[in-house]
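To keep things clear, I will list the structure first and then write my remarks on it.
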Amino acid sequence: MNKKTYKLVVMAMLTALGYVFILFIRTPIFPSAPYLVYDAGDVPIILGTLMFGPLEGLAMTAVLSFLQMIFLSTDGFIGFIMHVAATGMLVMVSGLLYKKHKTKKHAIIGLILGSIGMMLIMVPINYLVQVFYYGQPSSFIIPLLPTIAAFNAIKAFGNSLIVILIYKPLSRFIKGKMAK
């Protein structure tokens with residue numbers, strides 16, 4: 001199998017693994033907002049981003065978000081857009097920095113900056129979606145924004161930490177298989 005085909009196969013497997021993680025690794029974090037559910041679906045996407053690059057990570061994000069929209073989401077297209085925006089921010093920032101400087105230090109910095117970016121972008125997006133799409137009054141949403149920010153920070157930093165712990169041995173294994 002040539003390298004491009006192998007890369008596509010690995011990307012597809014990571015995306016499928018992300019879907020499995022969304023199905024089975026789920027937990028609400030805040031009792032006051034039970035609809036904010038942590039899932040580990042971004043872990044394989046972030047791994048793929050660091051292995052293959054930011055555009056590949058964004059492609060995996062879009063495919064995973066589409067699968068989630070079709071089979072799992074009650075939010076439909078809005079949920080798709082929100083997931084692509086959140087995870088897309090994380091993978092683009094971390095992937096771009098790591099692609100330029102392939103060191104553990106830059107991977108960690110990229111994941112930290114990407115996590116901050118995810119948290120920051122999701123606050124206004126959640127506000128806009130809740131007010132303009134769901135018709136919630138601003139007075140209802142504004143008090144929830146700190147919880148939304150905290151949720152996205154926990155999700156992004158948690159998934160990034162998992163990636164930091166498993167990336168090197170896993171990428172060596174996968175890339176070793178690609179070299180054959």
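Chain labels A, B, ... are given in the sequence in which chains occur in the structure tokens; within each chain residues are numbered consecutively from 1, and ligands are likewise numbered from 1 in the order shown.
Those residues that approach Tyr98 (chain A) to within 9 Å, counting only C-alpha atoms, are Leu50, Gly53, Pro54, Lys104, His106, Ala107, Ile108, Ile109, Gly110 and Leu111 of chain A; same-chain residues fewer than 6 positions away are not listed.
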Store the residues picked out above, limited to C-alpha atoms, as a PDB file, in the first residue's frame.
ATOM      1  CA  LEU A  50      -0.142  16.129  14.816  1.00  0.00           C
ATOM      2  CA  GLY A  53      -1.057  18.223   9.536  1.00  0.00           C
ATOM      3  CA  PRO A  54      -3.707  20.856  10.249  1.00  0.00           C
ATOM      4  CA  LYS A 104       7.327  18.212  22.062  1.00  0.00           C
ATOM      5  CA  HIS A 106       5.849  23.206  20.370  1.00  0.00           C
ATOM      6  CA  ALA A 107       3.233  20.440  20.405  1.00  0.00           C
ATOM      7  CA  ILE A 108       2.397  21.348  24.000  1.00  0.00           C
ATOM      8  CA  ILE A 109       2.383  25.092  23.270  1.00  0.00           C
ATOM      9  CA  GLY A 110       0.215  24.485  20.199  1.00  0.00           C
ATOM     10  CA  LEU A 111      -2.246  22.372  22.171  1.00  0.00           C
TER      11      LEU A 111
END
Excluding Ala16 (chain A) and its own-chain neighbours fewer than 4 positions away, which residues fall within 9 Å of it when counting only C-alpha atoms? Please give them as a PDB file with C-alpha atoms, in the first residue's frame.
ATOM      1  CA  MET A  11      -7.159   9.126   8.966  1.00  0.00           C
ATOM      2  CA  ALA A  12     -10.375   7.153   8.374  1.00  0.00           C
ATOM      3  CA  VAL A  20     -16.659   5.385  18.903  1.00  0.00           C
ATOM      4  CA  PHE A  21     -15.255   7.640  21.637  1.00  0.00           C
ATOM      5  CA  PRO A  44      -8.001  10.732  17.699  1.00  0.00           C
ATOM      6  CA  LEU A  64     -16.565  13.290  12.365  1.00  0.00           C
TER       7      LEU A  64
END
Handout entry: Surrounding residues of Met118 (chain A) excluding itself and chain neighbours under 4 positions, 6 Å, only C-alpha atoms, as a PyMOL selection string
Key = chain A and resi 86+89-90
Practice task
Show which residues sit within 7 Å of Phe80 (chain A), as a PyMOL selection string. Count only C-alpha atoms, and ignore same-chain residues fewer than 2 positions away.
Solution key: chain A and resi 65-66+69+76-78+82-84
Can you write just those residues out, C-alpha atoms, as a tab-separated table (two decimals), in the first residue's frame?
chain	number	residue	atom	x	y	z
A	65	SER	CA	-18.88	16.28	12.84
A	66	PHE	CA	-20.95	15.16	9.86
A	69	MET	CA	-24.82	15.30	13.00
A	76	GLY	CA	-28.48	19.06	13.43
A	77	PHE	CA	-26.59	21.47	11.23
A	78	ILE	CA	-26.03	23.93	14.09
A	82	MET	CA	-20.36	24.34	16.41
A	83	HIS	CA	-18.27	21.15	16.48
A	84	VAL	CA	-16.31	22.13	13.37
Handout entry: Contacts of region 144-158 of chain A at 12 Å (only C-alpha atoms; same-chain gap of 5+ positions) as a PyMOL selection string
Key = chain A and resi 26-43+45-46+82-83+85-91+94+108-128+130+136-139+163-165
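Between Tyr6 (chain A) and the residues A:Gln68, A:Phe52, A:Arg172, A:Leu97, the shortest atom-to-atom distance, using only C-alpha atoms, involves A:Phe52.
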Completion exercise
CA of Phe24 (chain A) to CA of Leu47 (chain A) measures 18.6 Å
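Here CA of Gly79 (chain A) is placed at a distance of 11.2 Å from CA of Leu67 (chain A).
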Handout entry: helix (DSSP H, G or I) per DSSP on the backbone: members of region 14-119 of chain A, as a VMD selection string
Key = chain A and resid 14 to 24 42 to 52 54 to 71 76 to 100 104 to 119
Exercise for the section: Quote the spacing between CA of Met60 (chain A) and CA of Ser160 (chain A) in Å to one decimal place. Expected result: 16.3 Å
